[in-house]
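Structure file model-v8.txt (compact mmCIF, C-alpha atoms) is printed below.
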```
# COMPACT_ATOMS: atom_id res chain seq x y z
CA MET Y 1 50.94 136.26 69.89
CA ARG Y 2 52.47 138.47 67.23
CA PHE Y 3 51.43 139.41 63.70
CA VAL Y 4 53.62 140.82 60.95
CA ASP Y 5 52.40 142.63 57.85
CA ASP Y 6 53.41 140.64 54.78
CA ARG Y 7 52.46 142.91 51.88
CA GLY Y 8 49.04 143.58 53.31
CA THR Y 9 48.42 140.12 54.80
CA LEU Y 10 48.82 139.70 58.55
CA LEU Y 11 50.83 136.57 59.30
CA HIS Y 12 50.91 134.95 62.72
CA VAL Y 13 54.52 134.57 63.87
CA VAL Y 14 55.81 132.91 67.05
CA ARG Y 15 59.33 133.37 68.40
CA ASP Y 16 60.95 131.34 71.16
CA GLY Y 17 64.38 131.14 72.73
CA SER Y 18 67.21 133.64 72.89
CA GLY Y 19 70.80 133.68 71.79
CA GLY Y 20 72.41 131.25 69.42
CA PRO Y 21 71.56 130.57 65.77
CA VAL Y 22 68.16 131.17 64.20
CA VAL Y 23 66.03 128.16 63.25
CA LEU Y 24 63.11 128.76 60.88
CA PHE Y 25 60.46 126.03 60.90
CA VAL Y 26 58.32 125.37 57.82
CA GLN Y 27 55.46 122.96 58.45
CA GLY Y 28 53.82 120.64 55.98
CA LEU Y 29 50.66 121.02 53.95
CA ALA Y 30 47.81 122.46 56.04
CA GLY Y 31 50.04 122.62 59.12
CA ALA Y 32 49.99 125.23 61.88
CA TRP Y 33 52.76 126.67 64.04
CA PHE Y 34 52.01 124.42 67.01
CA GLU Y 35 52.90 121.25 65.06
CA TRP Y 36 56.45 122.03 66.23
CA ASP Y 37 55.56 122.48 69.91
CA PRO Y 38 57.20 119.18 71.01
CA VAL Y 39 60.51 120.30 69.49
CA VAL Y 40 60.62 123.83 70.89
CA PRO Y 41 61.66 123.05 74.51
CA MET Y 42 64.58 120.99 73.22
CA LEU Y 43 66.12 123.89 71.30
CA ALA Y 44 64.87 127.11 72.91
CA GLY Y 45 67.67 127.20 75.48
CA ASP Y 46 70.35 128.00 72.92
CA HIS Y 47 68.58 128.79 69.65
CA ARG Y 48 66.27 131.53 68.40
CA LEU Y 49 63.24 129.74 66.98
CA VAL Y 50 60.86 131.24 64.42
CA ARG Y 51 57.54 129.68 63.44
CA PHE Y 52 54.75 131.17 61.34
CA ASP Y 53 51.47 130.30 59.68
CA ARG Y 54 51.14 130.58 55.93
CA PRO Y 55 48.21 132.71 54.70
CA GLY Y 56 44.85 131.38 55.85
CA LEU Y 57 46.36 128.73 58.11
CA GLY Y 58 46.68 128.83 61.88
CA TRP Y 59 45.86 132.38 62.95
CA SER Y 60 47.13 134.08 59.77
CA GLN Y 61 44.90 136.12 57.49
CA PRO Y 62 44.15 134.66 54.06
CA GLU Y 63 45.79 136.18 51.00
CA LEU Y 64 42.84 136.81 48.71
CA GLY Y 65 42.52 137.65 45.05
CA ALA Y 66 40.03 140.02 43.44
CA ASP Y 67 37.44 137.22 43.39
CA GLY Y 68 37.64 136.85 47.16
CA ARG Y 69 39.31 133.43 46.95
CA PRO Y 70 42.79 132.48 48.26
CA LEU Y 71 45.52 133.29 45.78
CA PRO Y 72 47.14 130.14 44.34
CA GLN Y 73 50.53 129.44 45.88
CA THR Y 74 53.71 129.51 43.85
CA LEU Y 75 57.00 128.03 44.97
CA ALA Y 76 58.93 131.23 44.36
CA GLY Y 77 56.29 133.21 46.21
CA GLU Y 78 56.46 130.97 49.28
CA ALA Y 79 60.27 130.99 49.25
CA GLU Y 80 60.27 134.78 49.16
CA ARG Y 81 57.75 134.79 52.01
CA LEU Y 82 60.27 132.94 54.19
CA GLY Y 83 62.74 135.74 53.60
CA ARG Y 84 60.18 138.40 54.42
CA VAL Y 85 59.26 136.64 57.67
CA LEU Y 86 62.92 136.58 58.68
CA ASP Y 87 63.21 140.28 57.82
CA ALA Y 88 60.07 141.07 59.83
CA VAL Y 89 61.39 139.44 63.00
CA GLY Y 90 64.71 141.25 62.74
CA VAL Y 91 67.00 138.59 61.24
CA PRO Y 92 69.35 140.51 58.93
CA PRO Y 93 70.10 139.09 55.45
CA ARG Y 94 73.75 138.64 56.39
CA GLU Y 95 72.84 136.20 59.20
CA LYS Y 96 72.58 132.58 58.08
CA VAL Y 97 69.73 130.50 59.45
CA VAL Y 98 68.93 126.79 59.79
CA LEU Y 99 65.76 125.70 58.01
CA VAL Y 100 63.59 122.80 59.18
CA GLY Y 101 61.10 121.77 56.52
CA HIS Y 102 58.45 119.08 56.97
CA SER Y 103 56.69 117.36 54.06
CA TYR Y 104 55.37 120.04 51.63
CA GLY Y 105 57.29 122.65 53.61
CA ALA Y 106 60.47 121.01 52.32
CA PHE Y 107 59.63 122.41 48.87
CA HIS Y 108 59.72 125.92 50.31
CA ALA Y 109 62.88 125.33 52.35
CA GLU Y 110 64.82 123.91 49.40
CA ALA Y 111 63.64 126.69 47.10
CA PHE Y 112 64.70 129.33 49.61
CA ALA Y 113 68.16 127.75 49.86
CA ARG Y 114 68.55 127.75 46.08
CA LEU Y 115 67.27 131.31 45.65
CA HIS Y 116 68.99 132.78 48.72
CA PRO Y 117 72.04 130.62 49.47
CA GLU Y 118 73.67 133.50 51.35
CA ARG Y 119 71.00 133.25 54.06
CA VAL Y 120 71.14 129.49 54.72
CA ALA Y 121 73.44 127.66 57.14
CA GLY Y 122 71.88 124.21 56.77
CA ILE Y 123 68.62 122.32 56.37
CA VAL Y 124 66.89 119.50 58.22
CA PHE Y 125 64.34 117.85 55.93
CA VAL Y 126 61.65 116.08 57.95
CA ASP Y 127 59.97 113.33 55.90
CA ALA Y 128 60.13 115.67 52.93
CA SER Y 129 57.75 115.57 50.00
CA ALA Y 130 59.89 114.01 47.28
CA GLU Y 131 58.66 114.24 43.69
CA SER Y 132 61.39 113.11 41.33
CA ASP Y 133 59.17 113.15 38.23
CA ILE Y 134 55.93 115.10 38.09
CA THR Y 135 54.13 116.76 35.21
CA PRO Y 136 51.95 119.87 35.24
CA ALA Y 137 48.33 119.13 36.07
CA ALA Y 138 45.85 119.28 33.23
CA GLY Y 139 43.48 122.24 33.38
CA GLY Y 140 40.31 121.54 35.30
CA PRO Y 141 37.86 122.73 37.93
CA GLY Y 142 39.70 121.22 40.92
CA ARG Y 143 40.33 124.46 42.82
CA ALA Y 144 36.85 125.82 42.12
CA VAL Y 145 35.21 122.55 43.18
CA GLY Y 146 37.23 122.47 46.39
CA GLN Y 147 36.35 126.03 47.31
CA ALA Y 148 32.67 125.40 46.49
CA PHE Y 149 32.77 122.42 48.85
CA VAL Y 150 34.20 124.61 51.60
CA ARG Y 151 31.47 127.19 51.08
CA GLY Y 152 28.81 124.47 51.21
CA THR Y 153 30.13 122.91 54.41
CA THR Y 154 30.37 126.36 55.97
CA LEU Y 155 26.76 127.20 55.14
CA LEU Y 156 25.63 123.89 56.62
CA GLY Y 157 27.78 124.32 59.72
CA LEU Y 158 29.66 121.09 58.95
CA ASN Y 159 33.08 122.65 58.92
CA GLN Y 160 33.19 122.85 62.70
CA VAL Y 161 32.96 119.05 62.83
CA LEU Y 162 34.78 118.00 59.65
CA GLY Y 163 37.96 120.00 60.19
CA PRO Y 164 38.82 118.65 63.66
CA ALA Y 165 37.69 115.15 62.61
CA VAL Y 166 40.06 115.10 59.64
CA ARG Y 167 42.87 116.31 61.89
CA ARG Y 168 42.22 113.44 64.32
CA LEU Y 169 42.31 110.96 61.43
CA VAL Y 170 45.63 112.37 60.24
CA TYR Y 171 47.20 111.86 63.65
CA GLN Y 172 45.74 108.37 63.90
CA SER Y 173 47.22 107.32 60.55
CA ALA Y 174 50.43 109.35 60.25
CA SER Y 175 51.79 109.15 63.80
CA THR Y 176 52.91 106.17 65.84
CA THR Y 177 52.05 107.90 69.11
CA HIS Y 178 48.81 109.56 67.90
CA ARG Y 179 49.98 112.47 70.02
CA ASP Y 180 48.42 115.75 68.90
CA PRO Y 181 50.62 118.63 70.13
CA ASP Y 182 47.52 120.53 71.29
CA ARG Y 183 44.15 118.91 70.70
CA GLU Y 184 42.10 121.82 71.99
CA LEU Y 185 44.03 124.35 69.96
CA GLY Y 186 43.82 122.08 66.94
CA ARG Y 187 40.05 121.93 67.31
CA ALA Y 188 39.83 125.72 67.54
CA VAL Y 189 42.00 126.26 64.46
CA TYR Y 190 40.71 123.55 62.15
CA ARG Y 191 37.00 124.21 62.63
CA SER Y 192 37.48 127.48 60.73
CA SER Y 193 36.20 127.85 57.15
CA ARG Y 194 39.13 130.19 56.53
CA VAL Y 195 41.56 127.36 57.32
CA ALA Y 196 39.55 124.89 55.23
CA ALA Y 197 39.80 127.21 52.22
CA ALA Y 198 43.56 127.56 52.77
CA VAL Y 199 43.96 123.77 52.95
CA VAL Y 200 42.11 123.34 49.64
CA ASN Y 201 44.33 126.04 48.16
CA GLU Y 202 47.51 124.25 49.25
CA LEU Y 203 46.26 120.93 47.94
CA SER Y 204 45.45 122.41 44.56
CA SER Y 205 48.79 124.28 44.41
CA TYR Y 206 50.93 121.26 45.31
CA ARG Y 207 51.54 119.88 41.82
CA ALA Y 208 52.42 123.23 40.29
CA CYS Y 209 54.87 123.93 43.13
CA ALA Y 210 56.46 120.49 42.64
CA VAL Y 211 56.97 121.20 38.94
CA GLU Y 212 58.39 124.62 39.78
CA LEU Y 213 60.88 123.00 42.14
CA LEU Y 214 62.09 120.56 39.50
CA GLU Y 215 62.67 123.50 37.16
CA LEU Y 216 64.46 125.46 39.88
CA ARG Y 217 66.83 122.53 40.45
CA CYS Y 218 67.95 122.88 36.83
CA GLU Y 219 68.46 126.62 37.14
CA ARG Y 220 69.93 127.21 40.60
CA PRO Y 221 72.58 125.11 42.36
CA PHE Y 222 72.10 124.04 45.93
CA PRO Y 223 74.49 125.79 48.34
CA GLU Y 224 77.34 123.94 50.03
CA VAL Y 225 75.63 123.53 53.39
CA LEU Y 226 75.03 120.61 55.71
CA VAL Y 227 71.81 118.67 55.22
CA GLN Y 228 70.10 115.99 57.25
CA VAL Y 229 67.14 113.98 55.94
CA LEU Y 230 64.88 112.43 58.59
CA VAL Y 231 62.70 109.57 57.38
CA GLY Y 232 59.71 108.01 59.12
CA ALA Y 233 60.40 104.28 58.73
CA ALA Y 234 57.82 102.65 61.02
CA GLY Y 235 56.49 99.44 59.46
CA GLU Y 236 59.36 99.06 56.99
CA SER Y 237 59.68 95.29 57.39
CA GLU Y 238 56.05 94.51 56.56
CA ASN Y 239 54.94 97.40 54.35
CA ARG Y 240 56.26 97.74 50.81
CA HIS Y 241 54.90 101.30 50.57
CA VAL Y 242 57.07 102.32 53.51
CA ARG Y 243 60.09 100.63 51.90
CA ARG Y 244 59.44 102.51 48.67
CA TRP Y 245 59.10 105.77 50.61
CA ILE Y 246 62.48 105.18 52.25
CA GLU Y 247 64.01 104.58 48.82
CA ARG Y 248 62.53 107.84 47.55
CA GLN Y 249 63.96 109.67 50.55
CA ARG Y 250 67.40 108.24 49.86
CA GLU Y 251 67.11 109.35 46.24
CA PHE Y 252 66.02 112.78 47.46
CA ALA Y 253 69.03 112.98 49.80
CA GLY Y 254 71.26 112.27 46.80
CA LEU Y 255 70.44 115.75 45.51
CA PHE Y 256 72.51 117.22 48.34
CA PRO Y 257 76.17 116.08 48.44
CA GLY Y 258 77.11 114.77 51.85
CA ALA Y 259 73.54 114.72 53.17
CA GLU Y 260 72.98 112.39 56.11
CA VAL Y 261 69.90 110.14 56.04
CA VAL Y 262 68.45 109.16 59.42
CA GLU Y 263 65.77 106.46 59.34
CA LEU Y 264 63.45 106.41 62.34
CA PRO Y 265 61.80 103.00 62.79
CA ASP Y 266 59.56 104.33 65.57
CA ALA Y 267 58.16 107.28 63.62
CA LYS Y 268 55.70 107.82 60.80
CA HIS Y 269 55.20 110.96 58.72
CA LEU Y 270 54.55 113.25 61.69
CA ILE Y 271 58.07 112.99 63.05
CA ALA Y 272 57.79 116.14 65.16
CA ALA Y 273 55.06 114.39 67.17
CA ASP Y 274 56.67 110.93 67.27
CA ARG Y 275 60.35 111.83 67.62
CA PRO Y 276 60.81 115.51 68.45
CA ASP Y 277 64.22 114.63 69.86
CA ALA Y 278 65.32 113.49 66.40
CA VAL Y 279 64.37 116.87 64.92
CA ALA Y 280 66.28 118.68 67.66
CA THR Y 281 69.29 116.40 67.23
CA GLY Y 282 69.15 117.03 63.49
CA VAL Y 283 69.39 120.77 64.04
CA ARG Y 284 72.27 120.36 66.47
CA SER Y 285 74.08 117.98 64.13
CA LEU Y 286 74.52 120.80 61.63
CA GLY Y 287 76.96 122.38 64.07
CA PHE Y 288 75.26 125.73 64.55
```
Using structure tokens, write down the structure from this file.
Amino acid sequence: MRFVDDRGTLLHVVRDGSGGPVVLFVQGLAGAWFEWDPVVPMLAGDHRLVRFDRPGLGWSQPELGADGRPLPQTLAGEAERLGRVLDAVGVPPREKVVLVGHSYGAFHAEAFARLHPERVAGIVFVDASAESDITPAAGGPGRAVGQAFVRGTTLLGLNQVLGPAVRRLVYQSASTTHRDPDRELGRAVYRSSRVAAAVVNELSSYRACAVELLELRCERPFPEVLVQVLVGAAGESENRHVRRWIERQREFAGLFPGAEVVELPDAKHLIAADRPDAVATGVRSLGF
């Protein structure tokens, strides 16, 4: 286990493999480093793999404001964090890396590519969050209510049950295999009130980050790199919501000239759990 100091916040970083190109994994909303565990053995033999936990998630410290609450995320801030993580593990700015971004993590991966094209060799988007038209959220108490809920569940001792229970439900609904990469570790991580507060923070930051990404697309071109878009397509024939999701992913892929779309009929949203081989093949298909 290793921690790096990110401007005063200790981030948990895991490195695997040796030699070959660097692959930086960016997990989805509320995710931890071990979500990628099924993929690691397939790439570690000839790639250098970097995984990390965003503030408050996994084993990372929270990034707190003066009020003691997690600082709201910004897209630019999370993109810059990716660069600082690479710097901290000794990847020089001149060395291009492959990004693998799942769900909400795709926001951060795309933003990093647009802001730092000189550092990116290619991207594999894994069932990426795709918001083609989203407006800023109206002002309201959403973040405060969420954090108050976390404090209440912590005081009552409910967090130790609710966190792992929600995680189990996610794997039941968003995976065809229901295969949790590490159930015991997941229980240990997600029973924490620190993690619960970070999850609420990511949920309440999502819309603002989506708007920020749409603005960034107008301001910064995407680099000329190879892109693959993996799509969980299980249930396509009988579920109109899945069909619509596939259409949105195709529209999303259209943002990146030459992007390859790979539909996976035996996978749902948690592709790293259902089809880790597809993620590994996606990385290899970029030719690095």
Notebook entry, point to check: Distance atom CA of Y:Trp36-atom CA of Y:Val100, one decimal place?
Noted result: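 The value is 10.1 Å.
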Notebook entry, point to check: Any idea what the distance is between atom CA of Y:Ala210 and atom CA of Y:Gly83?
Noted result: 19.8 Å
In the coordinate frame of the file, compute which residues have an atom within 6 Å of (48.7, 130.5, 62.7) when using only C-alpha atoms, and state them as an mmCIF file with C-alpha atoms, in the coordinates of the input.
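Okay, result28.cif is ready:
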```cif
data_model
loop_
_atom_site.group_PDB
_atom_site.id
_atom_site.type_symbol
_atom_site.label_atom_id
_atom_site.label_comp_id
_atom_site.auth_asym_id
_atom_site.auth_seq_id
_atom_site.Cartn_x
_atom_site.Cartn_y
_atom_site.Cartn_z
ATOM 1 C CA HIS Y 12 50.910 134.950 62.720
ATOM 2 C CA ALA Y 32 49.990 125.230 61.880
ATOM 3 C CA TRP Y 33 52.760 126.670 64.040
ATOM 4 C CA ASP Y 53 51.470 130.300 59.680
ATOM 5 C CA LEU Y 57 46.360 128.730 58.110
ATOM 6 C CA GLY Y 58 46.680 128.830 61.880
ATOM 7 C CA TRP Y 59 45.860 132.380 62.950
ATOM 8 C CA SER Y 60 47.130 134.080 59.770
#
```
Next item on the list: Within 8 Å of Y:Val126, counting all atoms listed in the file, which residues show up once you throw out same-chain ones fewer than 6 positions away? Write them as a PyMOL selection string, please.
Entry: chain Y and resi 100-103+106+229-231+271+279
Item checked: Counting all atoms listed in the file, the option among Y:Asp6, Y:Glu80, Y:Asp87, Y:Glu247 closest to Y:Glu63 ->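 Of Y:Asp6, Y:Glu80, Y:Asp87, Y:Glu247, the one nearest Y:Glu63, counting all atoms listed in the file, is Y:Asp6.
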Work out where the centre of an axis-aligned box around every listed atom of stretch 84-94 of chain Y lies and how long its edges are once 6 Å is added on each side; give both in Å to one decimal as JSON.
```
{"center_x": 66.5, "center_y": 138.9, "center_z": 58.7, "size_x": 26.5, "size_y": 16.7, "size_z": 20.6}
```
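Our summary of the geometry notes that atom CA of Y:Gly282 is positioned 10.2 Å from atom CA of Y:Val261.
Shortest separation to Y:Arg194 among Y:Gly77, Y:Gly8, Y:Gly28, Y:Pro55 occurs at residue Y:Pro55, atoms counted being only C-alpha atoms.
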Next item on the list: May I have the residues within 6 Å of Y:Gln61 as a ChimeraX atom specification, using only C-alpha atoms and disregarding those fewer than 4 positions away in the same chain?
Entry: /Y:9-10,55-56
Notebook entry, point to check: With all atoms listed in the file as the basis for distance, which of Y:Gly122, Y:Pro92, Y:Gly254, Y:Pro265 is at the shortest distance from Y:Phe288?
Noted result: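 Checking each candidate against Y:Phe288, we get Y:Gly122 as the closest.
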Checklist line | Which residue of Y:Val199, Y:Val262, Y:Ile246, Y:Leu11 approaches Y:Gly163 most closely, using only C-alpha atoms | finding: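 When distances to Y:Gly163 are compared using only C-alpha atoms, the smallest one comes from Y:Val199.
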If we count all atoms listed in the file, what is near Y:Cys218 at a cut-off of 12 Å, once residues fewer than 6 positions away on the same chain are taken out, given as a short mmCIF file (atom, residue, chain, number, x, y, z; two decimals) with C-alpha atoms, in the frame of the given file?
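See part-v9.cif below for the written result:
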```cif
data_model
loop_
_atom_site.label_atom_id
_atom_site.label_comp_id
_atom_site.auth_asym_id
_atom_site.auth_seq_id
_atom_site.Cartn_x
_atom_site.Cartn_y
_atom_site.Cartn_z
CA ALA Y 111 63.64 126.69 47.10
CA ARG Y 114 68.55 127.75 46.08
CA VAL Y 211 56.97 121.20 38.94
CA GLU Y 212 58.39 124.62 39.78
CA LEU Y 255 70.44 115.75 45.51
#
```
Notebook entry, point to check: Counting all atoms listed in the file, what is within 9 Å of Y:Ala30, bar same-chain residues fewer than 3 positions away, as a PyMOL selection string?
Noted result: chain Y and resi 27+54+57-58+195-196+198-200+202-203
